[in-house]
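Some notes on the structure that comes next.
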Amino acid sequence: MTLGFDPFLPLPFLLAIAAVAVLLVGWAILKRMRGAALRALALAALVLALANPVANFEDREPVTSVVAVVVDKSPSQMGPDRRARTDAALAALTERLARYPAFETRIIEAVTDPDAQSPSTRLFEALASGIRDVPSSRLAGAVMITDGQVHDVPDSLAGLGLDAPLHGLIVGDEGEVDRRVDVVRSPRFGIVGEDQEIVYRVNEDGAASPGPVSVTVRVNGEEVSTESAMSGEESSFYLNLPRGGENIIEFAVDPLAGEVTTANNHAVTLIEGIRENLRVLLVSGAPHAGERAWRNLLKSDASVDLVHFTILRPPEKQDGTPISELSLIAFPTRELFVEKIDEFDLIIFDRYQNRGVLPVLYYDYIAQYVEDGGALLVAAGPELAGMESIAETPLAPALPAMPTGEITDAGYYPRLSDDGKRHPVTRTLPGGESEPPAWGRWFRTVGVGDTVGDTVMRGSDGAPLLVLNRYGEGRVAMLLSDHGWLWARGFEGGGPHVALYRRIAHWLMKEPSLEEEALRATAKGRTLVVERQTMGDAADPATITLPSGETRELVLSQAEDGLFRAELTLDEPGLVEVTSGDLRALAHVGAVDAPEFRATVSTTEVIGPVSEESGGLTVRVNAEASNLPQILPTRSASVNAGDRMGLRASNESVLKGVRSLPLFGGFLGLALLILALGATWFREGR
C-alpha cells in the first residue's frame, strides 16, 4: 500500500488556503482565543479534505526468471548414441525446472550452418542471440547440453555480457576414444602426370595404438595404395595426378573398437589437375581438304603439343633423287613408334594406308600402346577400304570395325544413333535433336562390318559413321568418312565439327565428364547434386551415406537421354559417399577441413573454466540422465552452489492492477468535518 493525494483544487489554490488557515490558527493562538485548538482542527480537516488523501493498493505478480537451455545440435552430436543422450538430458532438465514456478525455461537449439566457410559448434553465439530480449536482472542462468567440443568459447564472461551462472551438462563418458585422419598440407593445383606431396596425420584421442596404422588412399573413388603411419606423426603421400579437373583424394583409416564416431575416419583433399601439355601425333597419309580441319583444331588449343607428319613421298613414287637433295623431313618412324610412343596422349591416323613407310612390326607396337592405355583415332577415307588398308596389319585387333571394301558416295545427313543420343560425346551436339539434323550433308562413307563398341553416328542408309570402343586399358575411335571438313567450310550451313572432333579426342584421352557409364556427385552449398550417366534406359536409385553414417536412398529422374539426375539438401557438412551399383562417387558438403570433426571425444575442459568463473558447474551426465545435479534456487547476486546447479531467482514483479481508496471521501470525510465544526460551535456557545 502507498499513500498519495488527488486534490480537488489546483496546488497553488490549495497552498493558499492552507496558508490562510495557518495564519488564522496562529492569530487565534496568539490572542489566546477560546477554541483555538478546535478551530485549528476544523481548518486542518477542511484543507485535508480538499487535498483528498488516497490510499493506493497495488496487485503485483512475481516475474519468472529465464533459464536458457542451449542444446548442441552440431553434426558431431548427430550420432545415434549422442542424440539419445542429449534428448534424455534435455527431458530430465526440463522436467526438473518445471517444478519451480519461479523459472521459465527457454530452449535454444544451436544448429551448425552448413553453408559456413568453416562449420563449427558455436554455442555461445547461439546463447547470446537467444537471450537478446531478456533483461540481465531476469536471467537466472544458462545450461549447455553438449559434448564439450565448443569452438566459440569467450576469453571471459565479460566479453559475452553474461551476468549469471553457466552450467555445462556433458553427454559422453569419460575415457572415450576416437581415431581420425587429417590432411595437414596439400597443394590446391597440380600438373597432371607430376608427383604431388600430400601430408597427412593420424590422430587418436583417448587411446593410442601400439603400432602403425593402415591408411587406405583412394583417388577419385578408386583405391590406389595402402600406407602405414604412426599415430600423431606427419606422413607424406606422393600422388601422380591422373587427370585434369578436380581430383578427390581420400585418406581412410580403420575404426577403433568402441570409438565415438567413424565420420572423421575419412579425410579428403581436392587438387585441381592442370594439363601442362597434351602430346598428339597426327599422321596424314596424303594431303587432302580434311587434313587442315584436324590441324587447325589441334593447333588452336594452346595446351596441345602437335607433331604432324604428312606422307608426301610414298615408296612407289621414288625417282632416284638423293635424300641429301630433298627438302622434306625424313619420317622418324623408330623414334615415334618405338622409342617415344608412350609419350603421346593420342595418335591420329588421318587417311593413312600401309605403304611400307612403317614396318609391319610397328603396327603391333601401336596396338600394344592402345592396350596399355593409349588412345587411337582412325579418321578413315577410301584408303581404309583398299588393299593397303591398316586393317590388314597387326593393328586390326585394336580396331572396332573391319572394312568391307565398299565406299558409298552419296549425300546424307550424319545422324545420331540410339546409342549416340545417350553417349556424352554426341548427346548434346547442336542440331542433332531435329529431323533432319540442322547441319550440312556429307558425301562419302566407308563401309564396315563386325563392329564392336558403340556406334554413335550413322551415315548413308544407316551405315556406321562413328564407332567408339575400349581396347584393353585404352580407347579407339573410327570416323568412317573424310568429309567432316565440309562442316568446317560452312557447306549447307556447316555443322559442329569443332565440338565433335574435340569431344572425340577428349573421350579418347579419358576425360571424366565424357564417360558413358559414370556416377558424379557435386555439392553446391548444402545441395548435393547426383548425376548418373548411362547407356541404359533407366538408372538404379543411388544410396547416399552421410557423414554421421546415416544412409538415404535417392531416386534419380531422367534429365536427358542417357542422363539421370536428382538433388538432395543436406544439413550435415562432411564427406558424402554416393553409390549406385558398382559405381561410387564422393562429394564434400561444406568446408573441406571443417573443425566440427577434428575432435569428437567429449570433454569438460573446454567450457569448464568459463563455467567456474560464472559460479556454475560442469558435469557429465549418464545415458539416462539419472545423475543430473539438483537445482538450487537462490536470490544471491553471486551463485556458488557447490555440487548443485544454482539458478538466480529474480526479485522483480509485474504490476497487475491498482485499487485507490480516498481517505476523506464520502461519509468519513463529511463526518470528520462536521464533527470539527460542531465542536467549534459548541465551544463558542458555552
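Identifiers for the C-alpha cells are assigned positionally: chains receive A, B, ... in sequence, residues are indexed from 1 per chain, and ligands are indexed from 1 in the order shown.
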
Please provide as a short mmCIF file (atom, residue, chain, number, x, y, z; two decimals) with N, CA and C atoms, in the first residue's frame all residues within 10 Å of region 172-180 of chain A, with the sequence filter that same-chain residues fewer than 2 positions apart are discarded (counting only C-alpha atoms).
data_model
loop_
_atom_site.label_atom_id
_atom_site.label_comp_id
_atom_site.auth_asym_id
_atom_site.auth_seq_id
_atom_site.Cartn_x
_atom_site.Cartn_y
_atom_site.Cartn_z
N ASP A 81 23.94 -42.50 -30.49
CA ASP A 81 24.15 -42.51 -29.04
C ASP A 81 24.14 -41.09 -28.49
N ARG A 82 24.87 -40.18 -29.13
CA ARG A 82 24.91 -38.79 -28.66
C ARG A 82 23.53 -38.16 -28.71
N ARG A 85 21.43 -39.47 -25.82
CA ARG A 85 21.87 -38.91 -24.54
C ARG A 85 21.43 -37.44 -24.41
N THR A 86 21.55 -36.70 -25.50
CA THR A 86 21.16 -35.29 -25.46
C THR A 86 19.67 -35.16 -25.19
N THR A 146 25.88 -30.49 -24.21
CA THR A 146 26.82 -30.61 -25.31
C THR A 146 27.83 -31.72 -25.02
N ASP A 147 28.63 -32.04 -26.06
CA ASP A 147 29.74 -32.97 -25.83
C ASP A 147 30.98 -32.25 -25.33
N GLY A 148 30.89 -30.93 -25.20
CA GLY A 148 32.01 -30.15 -24.68
C GLY A 148 32.93 -29.59 -25.73
N LEU A 169 26.32 -29.49 -19.09
CA LEU A 169 25.97 -30.90 -18.95
C LEU A 169 26.61 -31.63 -20.13
N ILE A 170 27.62 -32.42 -19.85
CA ILE A 170 28.40 -33.09 -20.90
C ILE A 170 27.83 -34.47 -21.16
N ASP A 182 43.68 -36.48 -40.58
CA ASP A 182 43.61 -35.10 -41.04
C ASP A 182 44.62 -34.88 -42.16
N ARG A 201 48.04 -36.80 -41.23
CA ARG A 201 48.38 -37.27 -39.89
C ARG A 201 47.21 -38.04 -39.31
N VAL A 202 47.51 -39.16 -38.69
CA VAL A 202 46.52 -39.96 -37.98
C VAL A 202 46.57 -39.58 -36.50
N ASN A 203 45.43 -39.19 -35.93
CA ASN A 203 45.35 -38.82 -34.51
C ASN A 203 44.42 -39.77 -33.78
N GLU A 204 44.78 -40.08 -32.56
CA GLU A 204 43.95 -40.94 -31.72
C GLU A 204 43.75 -40.24 -30.38
N ASP A 205 42.51 -39.91 -30.07
CA ASP A 205 42.16 -39.24 -28.82
C ASP A 205 41.68 -40.27 -27.82
N GLY A 206 42.26 -40.22 -26.64
CA GLY A 206 41.84 -41.11 -25.57
C GLY A 206 42.52 -42.46 -25.57
N ALA A 207 43.18 -42.84 -26.67
CA ALA A 207 43.88 -44.12 -26.73
C ALA A 207 44.92 -44.04 -27.83
N ALA A 208 45.92 -44.84 -27.72
CA ALA A 208 46.98 -44.87 -28.74
C ALA A 208 47.25 -46.31 -29.12
N SER A 209 47.35 -46.56 -30.43
CA SER A 209 47.66 -47.90 -30.90
C SER A 209 49.13 -48.20 -30.65
N SER A 231 50.62 -43.02 -35.28
CA SER A 231 49.66 -42.08 -34.71
C SER A 231 50.38 -40.85 -34.16
N PHE A 251 41.73 -40.19 -47.74
CA PHE A 251 42.52 -40.99 -46.80
C PHE A 251 41.54 -41.61 -45.80
N ALA A 252 41.63 -42.92 -45.61
CA ALA A 252 40.71 -43.62 -44.72
C ALA A 252 41.48 -44.54 -43.79
N VAL A 253 41.06 -44.56 -42.52
CA VAL A 253 41.67 -45.45 -41.52
C VAL A 253 40.58 -46.36 -40.96
N ASP A 254 40.98 -47.53 -40.52
CA ASP A 254 40.04 -48.46 -39.92
C ASP A 254 39.57 -47.93 -38.57
N PRO A 255 38.31 -48.16 -38.20
CA PRO A 255 37.80 -47.65 -36.93
C PRO A 255 38.40 -48.38 -35.72
N LEU A 256 38.50 -47.65 -34.62
CA LEU A 256 38.87 -48.24 -33.35
C LEU A 256 37.65 -48.91 -32.73
N ALA A 257 37.88 -49.92 -31.92
CA ALA A 257 36.77 -50.58 -31.23
C ALA A 257 36.13 -49.61 -30.25
N GLY A 258 34.82 -49.37 -30.41
CA GLY A 258 34.08 -48.53 -29.48
C GLY A 258 34.33 -47.05 -29.64
N GLU A 259 34.88 -46.61 -30.77
CA GLU A 259 35.16 -45.18 -30.90
C GLU A 259 33.86 -44.39 -31.07
N VAL A 260 33.95 -43.09 -30.79
CA VAL A 260 32.77 -42.24 -30.74
C VAL A 260 32.07 -42.17 -32.08
N THR A 261 32.81 -41.92 -33.14
CA THR A 261 32.23 -41.79 -34.46
C THR A 261 33.24 -42.21 -35.51
N THR A 262 32.74 -42.70 -36.63
CA THR A 262 33.61 -43.04 -37.75
C THR A 262 33.55 -41.98 -38.84
N ALA A 263 32.82 -40.88 -38.57
CA ALA A 263 32.68 -39.84 -39.59
C ALA A 263 34.01 -39.18 -39.91
N ASN A 264 34.93 -39.13 -38.92
CA ASN A 264 36.22 -38.49 -39.16
C ASN A 264 37.32 -39.52 -39.46
N ASN A 265 36.92 -40.75 -39.78
CA ASN A 265 37.91 -41.74 -40.20
C ASN A 265 38.28 -41.56 -41.67
N HIS A 266 37.66 -40.57 -42.30
CA HIS A 266 37.96 -40.22 -43.68
C HIS A 266 38.35 -38.75 -43.72
N ALA A 267 39.30 -38.46 -44.56
CA ALA A 267 39.66 -37.06 -44.82
C ALA A 267 39.90 -36.92 -46.31
N PHE A 597 34.66 -32.01 -37.02
CA PHE A 597 35.02 -33.41 -36.81
C PHE A 597 36.49 -33.58 -36.45
N ARG A 598 37.20 -32.50 -36.16
CA ARG A 598 38.60 -32.64 -35.77
C ARG A 598 38.73 -33.31 -34.41
N ALA A 599 37.81 -33.00 -33.50
CA ALA A 599 37.83 -33.62 -32.18
C ALA A 599 36.39 -33.90 -31.77
N THR A 600 36.09 -35.14 -31.46
CA THR A 600 34.72 -35.52 -31.12
C THR A 600 34.61 -36.18 -29.75
N VAL A 601 35.72 -36.40 -29.08
CA VAL A 601 35.68 -37.00 -27.75
C VAL A 601 35.13 -35.98 -26.76
N SER A 602 34.14 -36.38 -25.97
CA SER A 602 33.53 -35.45 -25.02
C SER A 602 34.54 -34.99 -23.98
N THR A 603 34.42 -33.74 -23.56
CA THR A 603 35.37 -33.17 -22.61
C THR A 603 34.71 -32.10 -21.76
N THR A 604 35.20 -31.97 -20.54
CA THR A 604 34.73 -30.90 -19.64
C THR A 604 35.73 -29.75 -19.58
N ARG A 620 29.41 -34.41 -16.16
CA ARG A 620 28.97 -35.40 -17.14
C ARG A 620 27.65 -36.02 -16.67
N VAL A 621 26.78 -36.28 -17.61
CA VAL A 621 25.53 -36.96 -17.29
C VAL A 621 25.54 -38.30 -18.02
N ASN A 622 24.97 -39.30 -17.38
CA ASN A 622 24.97 -40.64 -17.96
C ASN A 622 23.88 -40.77 -19.02
N ALA A 623 23.77 -41.94 -19.59
CA ALA A 623 22.87 -42.14 -20.73
C ALA A 623 21.42 -41.87 -20.36
#

Closest contacts (region 559-646 of chain A/region 64-71 of chain A, max 12 Å, only C-alpha atoms) as CSV:
residue,atom,partner,partner_atom,distance
A:Ile631,CA,A:Val67,CA,11.5
A:Pro633,CA,A:Ser65,CA,10.3
A:Thr634,CA,A:Ser65,CA,11.1
A:Arg635,CA,A:Ser65,CA,10.7
A:Met645,CA,A:Val67,CA,11.4
A:Gly646,CA,A:Val67,CA,10.9

Output of the above residues as a compact mmCIF listing (two decimals), in the first residue's frame, restricted to N, CA and C atoms:
# COMPACT_ATOMS: atom_id res chain seq x y z
N ILE A 631 18.81 -28.78 -8.51
CA ILE A 631 18.71 -27.35 -8.78
C ILE A 631 18.53 -26.61 -7.47
N PRO A 633 17.48 -22.91 -6.25
CA PRO A 633 17.09 -21.52 -6.49
C PRO A 633 17.69 -20.63 -5.41
N THR A 634 18.17 -19.47 -5.77
CA THR A 634 18.76 -18.53 -4.83
C THR A 634 18.53 -17.12 -5.32
N ARG A 635 18.48 -16.17 -4.37
CA ARG A 635 18.34 -14.77 -4.73
C ARG A 635 19.65 -14.02 -4.58
N MET A 645 23.18 -27.16 -9.19
CA MET A 645 23.09 -26.11 -10.19
C MET A 645 22.34 -24.92 -9.59
N GLY A 646 23.07 -23.92 -9.22
CA GLY A 646 22.47 -22.71 -8.67
C GLY A 646 21.88 -21.86 -9.77

Write out as a compact mmCIF listing (two decimals) with N, CA and C atoms, in the first residue's frame which residues come within 12 Å of Trp487 (chain A) when counting only C-alpha atoms, dropping same-chain ones fewer than 6 positions away.
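Now in part-v9.txt:
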# COMPACT_ATOMS: atom_id res chain seq x y z
N ALA A 289 41.66 -32.08 -98.16
CA ALA A 289 40.97 -30.93 -97.55
C ALA A 289 40.71 -31.13 -96.06
N GLY A 290 40.43 -32.36 -95.64
CA GLY A 290 40.13 -32.60 -94.23
C GLY A 290 41.33 -32.51 -93.32
N ALA A 293 41.43 -29.31 -91.35
CA ALA A 293 40.45 -29.22 -90.26
C ALA A 293 41.02 -29.82 -88.98
N TYR A 413 22.70 -36.94 -94.40
CA TYR A 413 22.87 -36.20 -93.16
C TYR A 413 23.45 -37.14 -92.10
N PRO A 414 24.60 -36.81 -91.52
CA PRO A 414 25.06 -37.62 -90.38
C PRO A 414 24.02 -37.56 -89.26
N ALA A 438 20.04 -30.31 -88.11
CA ALA A 438 20.27 -28.93 -88.52
C ALA A 438 21.74 -28.69 -88.82
N TRP A 439 22.28 -29.49 -89.75
CA TRP A 439 23.64 -29.29 -90.20
C TRP A 439 23.76 -29.79 -91.65
N GLY A 440 24.91 -29.53 -92.24
CA GLY A 440 25.09 -29.87 -93.65
C GLY A 440 25.33 -31.34 -93.88
N ARG A 441 25.22 -31.72 -95.18
CA ARG A 441 25.39 -33.12 -95.56
C ARG A 441 26.86 -33.47 -95.80
N TRP A 442 27.15 -34.77 -95.69
CA TRP A 442 28.42 -35.34 -96.12
C TRP A 442 28.14 -36.22 -97.34
N PHE A 443 29.23 -36.63 -98.05
CA PHE A 443 29.01 -37.33 -99.31
C PHE A 443 29.86 -38.60 -99.46
N GLY A 493 25.41 -24.64 -94.46
CA GLY A 493 25.28 -24.17 -93.08
C GLY A 493 26.30 -24.74 -92.14
N GLY A 494 27.11 -25.70 -92.62
CA GLY A 494 28.14 -26.26 -91.76
C GLY A 494 27.58 -27.13 -90.66
N GLY A 495 28.39 -27.34 -89.64
CA GLY A 495 27.98 -28.19 -88.52
C GLY A 495 28.97 -28.09 -87.38
N PRO A 496 28.68 -28.75 -86.29
CA PRO A 496 29.51 -28.64 -85.07
C PRO A 496 30.77 -29.49 -85.14
N HIS A 497 31.61 -29.22 -86.14
CA HIS A 497 32.81 -30.06 -86.30
C HIS A 497 33.78 -29.89 -85.15
N VAL A 498 33.91 -28.65 -84.64
CA VAL A 498 34.85 -28.42 -83.53
C VAL A 498 34.41 -29.21 -82.29
N ALA A 499 33.12 -29.12 -81.95
CA ALA A 499 32.60 -29.85 -80.78
C ALA A 499 32.77 -31.34 -80.96
N LEU A 500 32.47 -31.85 -82.16
CA LEU A 500 32.57 -33.28 -82.41
C LEU A 500 34.00 -33.76 -82.32
N TYR A 501 34.91 -33.09 -83.02
CA TYR A 501 36.31 -33.52 -83.00
C TYR A 501 36.90 -33.42 -81.60

### Query
Near Asp419 (chain A), counting only C-alpha atoms, which residues have an atom at most 12 Å away, once you skip same-chain residues fewer than 3 positions from it, shown as a PyMOL selection string?
chain A and resi 415-416+422-427+453-458+464+466-468+516+534-537+561-562

### Query
Residues at most 7 Å from region 608-616 of chain A, counting only C-alpha atoms, excluding those fewer than 3 positions away in the same chain, as a ChimeraX atom specification?
/A:156-157,164-167,604-605,639-640,645-646

With N, CA and C atoms retained, could you export that selection as a PDB file, in the first residue's frame?
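As a result, selection.pdb now contains:
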ATOM      1  N   SER A 156      36.422 -14.524 -21.503  1.00  0.00           N
ATOM      2  CA  SER A 156      35.794 -14.281 -20.209  1.00  0.00           C
ATOM      3  C   SER A 156      34.321 -14.005 -20.441  1.00  0.00           C
ATOM      4  N   LEU A 157      33.526 -14.127 -19.366  1.00  0.00           N
ATOM      5  CA  LEU A 157      32.102 -13.875 -19.485  1.00  0.00           C
ATOM      6  C   LEU A 157      31.799 -12.404 -19.689  1.00  0.00           C
ATOM      7  N   ALA A 164      25.329 -14.241 -14.983  1.00  0.00           N
ATOM      8  CA  ALA A 164      24.512 -15.308 -14.402  1.00  0.00           C
ATOM      9  C   ALA A 164      25.331 -16.585 -14.455  1.00  0.00           C
ATOM     10  N   PRO A 165      24.971 -17.569 -13.634  1.00  0.00           N
ATOM     11  CA  PRO A 165      25.738 -18.819 -13.650  1.00  0.00           C
ATOM     12  C   PRO A 165      25.566 -19.585 -14.962  1.00  0.00           C
ATOM     13  N   LEU A 166      26.659 -20.187 -15.418  1.00  0.00           N
ATOM     14  CA  LEU A 166      26.658 -21.001 -16.632  1.00  0.00           C
ATOM     15  C   LEU A 166      27.021 -22.431 -16.242  1.00  0.00           C
ATOM     16  N   HIS A 167      26.150 -23.374 -16.584  1.00  0.00           N
ATOM     17  CA  HIS A 167      26.371 -24.778 -16.257  1.00  0.00           C
ATOM     18  C   HIS A 167      26.539 -25.582 -17.544  1.00  0.00           C
ATOM     19  N   THR A 604      35.195 -31.970 -20.539  1.00  0.00           N
ATOM     20  CA  THR A 604      34.730 -30.904 -19.644  1.00  0.00           C
ATOM     21  C   THR A 604      35.727 -29.750 -19.583  1.00  0.00           C
ATOM     22  N   GLU A 605      36.824 -29.866 -20.298  1.00  0.00           N
ATOM     23  CA  GLU A 605      37.905 -28.889 -20.154  1.00  0.00           C
ATOM     24  C   GLU A 605      37.710 -27.626 -20.983  1.00  0.00           C
ATOM     25  N   VAL A 639      26.377 -16.641  -7.212  1.00  0.00           N
ATOM     26  CA  VAL A 639      25.878 -18.003  -7.041  1.00  0.00           C
ATOM     27  C   VAL A 639      27.055 -18.972  -7.044  1.00  0.00           C
ATOM     28  N   ASN A 640      27.175 -19.744  -5.983  1.00  0.00           N
ATOM     29  CA  ASN A 640      28.157 -20.825  -5.939  1.00  0.00           C
ATOM     30  C   ASN A 640      27.535 -21.924  -5.097  1.00  0.00           C
ATOM     31  N   MET A 645      23.179 -27.161  -9.185  1.00  0.00           N
ATOM     32  CA  MET A 645      23.089 -26.106 -10.190  1.00  0.00           C
ATOM     33  C   MET A 645      22.342 -24.920  -9.593  1.00  0.00           C
ATOM     34  N   GLY A 646      23.074 -23.915  -9.225  1.00  0.00           N
ATOM     35  CA  GLY A 646      22.467 -22.713  -8.673  1.00  0.00           C
ATOM     36  C   GLY A 646      21.876 -21.856  -9.769  1.00  0.00           C
TER      37      GLY A 646
END

#### Entry: Residues near Val22 (chain A), cut-off 9 Å, only C-alpha atoms, skip fewer than 6 positions along chain, as a ChimeraX atom specification
/A:40,43-44

### Non-local contacts of region 186-191 of chain A (12 Å; only C-alpha atoms; under 4 positions in same chain excluded) as a PyMOL selection string
chain A and resi 182+195-200+235-250+267-278+592-593

Selection from above, N, CA and C atoms, as a compact mmCIF listing (two decimals), in the first residue's frame, can you write it?
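Printed below is part_11.txt as written:
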# COMPACT_ATOMS: atom_id res chain seq x y z
N ASP A 182 43.68 -36.48 -40.58
CA ASP A 182 43.61 -35.10 -41.04
C ASP A 182 44.62 -34.88 -42.16
N ASP A 195 54.27 -35.72 -59.74
CA ASP A 195 54.04 -36.11 -58.35
C ASP A 195 53.70 -34.89 -57.50
N GLN A 196 52.70 -35.05 -56.63
CA GLN A 196 52.31 -34.01 -55.69
C GLN A 196 52.39 -34.59 -54.27
N GLU A 197 52.97 -33.82 -53.36
CA GLU A 197 53.11 -34.29 -51.97
C GLU A 197 51.91 -33.86 -51.15
N ILE A 198 51.31 -34.83 -50.48
CA ILE A 198 50.20 -34.57 -49.56
C ILE A 198 50.63 -35.06 -48.18
N VAL A 199 50.59 -34.17 -47.21
CA VAL A 199 51.00 -34.51 -45.84
C VAL A 199 49.73 -34.74 -45.01
N TYR A 200 49.67 -35.89 -44.35
CA TYR A 200 48.51 -36.23 -43.54
C TYR A 200 48.98 -36.72 -42.17
N SER A 235 52.84 -37.81 -42.02
CA SER A 235 53.30 -38.73 -43.06
C SER A 235 53.04 -38.10 -44.41
N SER A 236 53.85 -38.48 -45.39
CA SER A 236 53.72 -37.93 -46.74
C SER A 236 53.27 -39.01 -47.71
N PHE A 237 52.40 -38.59 -48.61
CA PHE A 237 51.97 -39.47 -49.70
C PHE A 237 52.19 -38.72 -51.01
N TYR A 238 52.85 -39.38 -51.95
CA TYR A 238 53.16 -38.75 -53.23
C TYR A 238 52.21 -39.31 -54.28
N LEU A 239 51.48 -38.41 -54.92
CA LEU A 239 50.46 -38.79 -55.89
C LEU A 239 50.81 -38.22 -57.26
N ASN A 240 50.78 -39.11 -58.24
CA ASN A 240 50.92 -38.69 -59.62
C ASN A 240 49.50 -38.39 -60.13
N LEU A 241 49.20 -37.11 -60.32
CA LEU A 241 47.84 -36.71 -60.68
C LEU A 241 47.38 -37.42 -61.95
N PRO A 242 46.25 -38.12 -61.88
CA PRO A 242 45.86 -38.95 -63.03
C PRO A 242 45.10 -38.21 -64.12
N ARG A 243 44.48 -37.06 -63.79
CA ARG A 243 43.61 -36.44 -64.79
C ARG A 243 43.48 -34.94 -64.53
N GLY A 244 43.01 -34.24 -65.55
CA GLY A 244 42.73 -32.83 -65.39
C GLY A 244 41.41 -32.62 -64.68
N GLY A 245 41.18 -31.40 -64.21
CA GLY A 245 39.96 -31.10 -63.47
C GLY A 245 40.12 -31.46 -62.01
N GLU A 246 39.00 -31.55 -61.32
CA GLU A 246 39.02 -31.80 -59.88
C GLU A 246 39.33 -33.26 -59.58
N ASN A 247 40.30 -33.48 -58.71
CA ASN A 247 40.65 -34.82 -58.23
C ASN A 247 40.36 -34.88 -56.73
N ILE A 248 39.62 -35.89 -56.31
CA ILE A 248 39.29 -36.07 -54.90
C ILE A 248 40.19 -37.16 -54.34
N ILE A 249 41.06 -36.77 -53.40
CA ILE A 249 41.98 -37.73 -52.77
C ILE A 249 41.46 -38.00 -51.37
N GLU A 250 41.21 -39.25 -51.07
CA GLU A 250 40.60 -39.65 -49.80
C GLU A 250 41.58 -40.52 -49.01
N ALA A 267 39.30 -38.46 -44.56
CA ALA A 267 39.66 -37.06 -44.82
C ALA A 267 39.90 -36.92 -46.31
N VAL A 268 39.48 -35.82 -46.85
CA VAL A 268 39.66 -35.61 -48.29
C VAL A 268 40.38 -34.30 -48.54
N THR A 269 41.01 -34.25 -49.67
CA THR A 269 41.59 -33.00 -50.17
C THR A 269 41.31 -32.94 -51.66
N LEU A 270 41.11 -31.76 -52.16
CA LEU A 270 40.79 -31.56 -53.56
C LEU A 270 41.98 -30.92 -54.26
N ILE A 271 42.41 -31.51 -55.35
CA ILE A 271 43.51 -30.96 -56.15
C ILE A 271 43.01 -30.77 -57.57
N GLU A 272 43.13 -29.55 -58.05
CA GLU A 272 42.73 -29.24 -59.41
C GLU A 272 43.87 -29.61 -60.35
N GLY A 273 43.61 -30.61 -61.20
CA GLY A 273 44.64 -31.06 -62.13
C GLY A 273 44.72 -30.16 -63.35
N ILE A 274 45.91 -29.75 -63.67
CA ILE A 274 46.13 -28.89 -64.84
C ILE A 274 47.02 -29.65 -65.82
N ARG A 275 46.52 -29.81 -67.00
CA ARG A 275 47.33 -30.48 -68.02
C ARG A 275 48.35 -29.49 -68.56
N GLU A 276 49.60 -29.83 -68.38
CA GLU A 276 50.64 -28.92 -68.86
C GLU A 276 50.66 -28.91 -70.38
N ASN A 277 50.72 -30.07 -70.99
CA ASN A 277 50.69 -30.19 -72.45
C ASN A 277 50.15 -31.57 -72.81
N LEU A 278 49.32 -31.60 -73.85
CA LEU A 278 48.86 -32.86 -74.41
C LEU A 278 49.67 -33.12 -75.68
N VAL A 592 36.06 -28.24 -46.60
CA VAL A 592 36.80 -29.50 -46.68
C VAL A 592 37.45 -29.83 -45.34
N ASP A 593 37.96 -28.82 -44.64
CA ASP A 593 38.66 -29.07 -43.38
C ASP A 593 37.91 -28.43 -42.23

### Query
Got a sec to tell me which of region 278-486 of chain A DSSP assigns to helix (DSSP H, G or I), as a VMD selection string?
chain A and resid 289 to 299 315 to 317 323 to 325 333 to 339 341 to 343 360 to 371 382 to 385 390 to 392 396 to 398 460 to 462 485 to 486

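If you measure from each of A:Ala16, A:Ile504, A:Ala585, A:Ala102 to Ile544 (chain A) using only C-alpha atoms, the closest one turns out to be A:Ala585.
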
### Task
Mind listing the strand (DSSP E) residues of region 98-338 of chain A, per DSSP on the backbone, as a PyMOL selection string?
chain A and resi 103-110+139-146+166-171+178-185+189-191+195-205+213-219+222-229+234-240+245-253+266-274+278-284+304-310

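Our summary of the geometry notes that CA of Thr408 (chain A) is positioned 21.8 Å from CA of Asn354 (chain A).
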
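Compared by their closest atoms to Gly232 (chain A), and using only C-alpha atoms, the residues A:Val184, A:Asn56, A:Arg218, A:Gly432 rank with A:Val184 nearest.
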
### Coordinates-based distance that separates CA of Met402 (chain A) from CA of Phe349 (chain A) (Å, one decimal)
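Computed distance, CA of Phe349 (chain A) to CA of Met402 (chain A), equals 15.4 Å.
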
### Query
Quick one: of A:Glu406, A:Val555, A:Ile108, A:Tyr100, who's nearest to Leu632 (chain A), counting only C-alpha atoms?
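For Leu632 (chain A), the nearest of the given residues is A:Tyr100.
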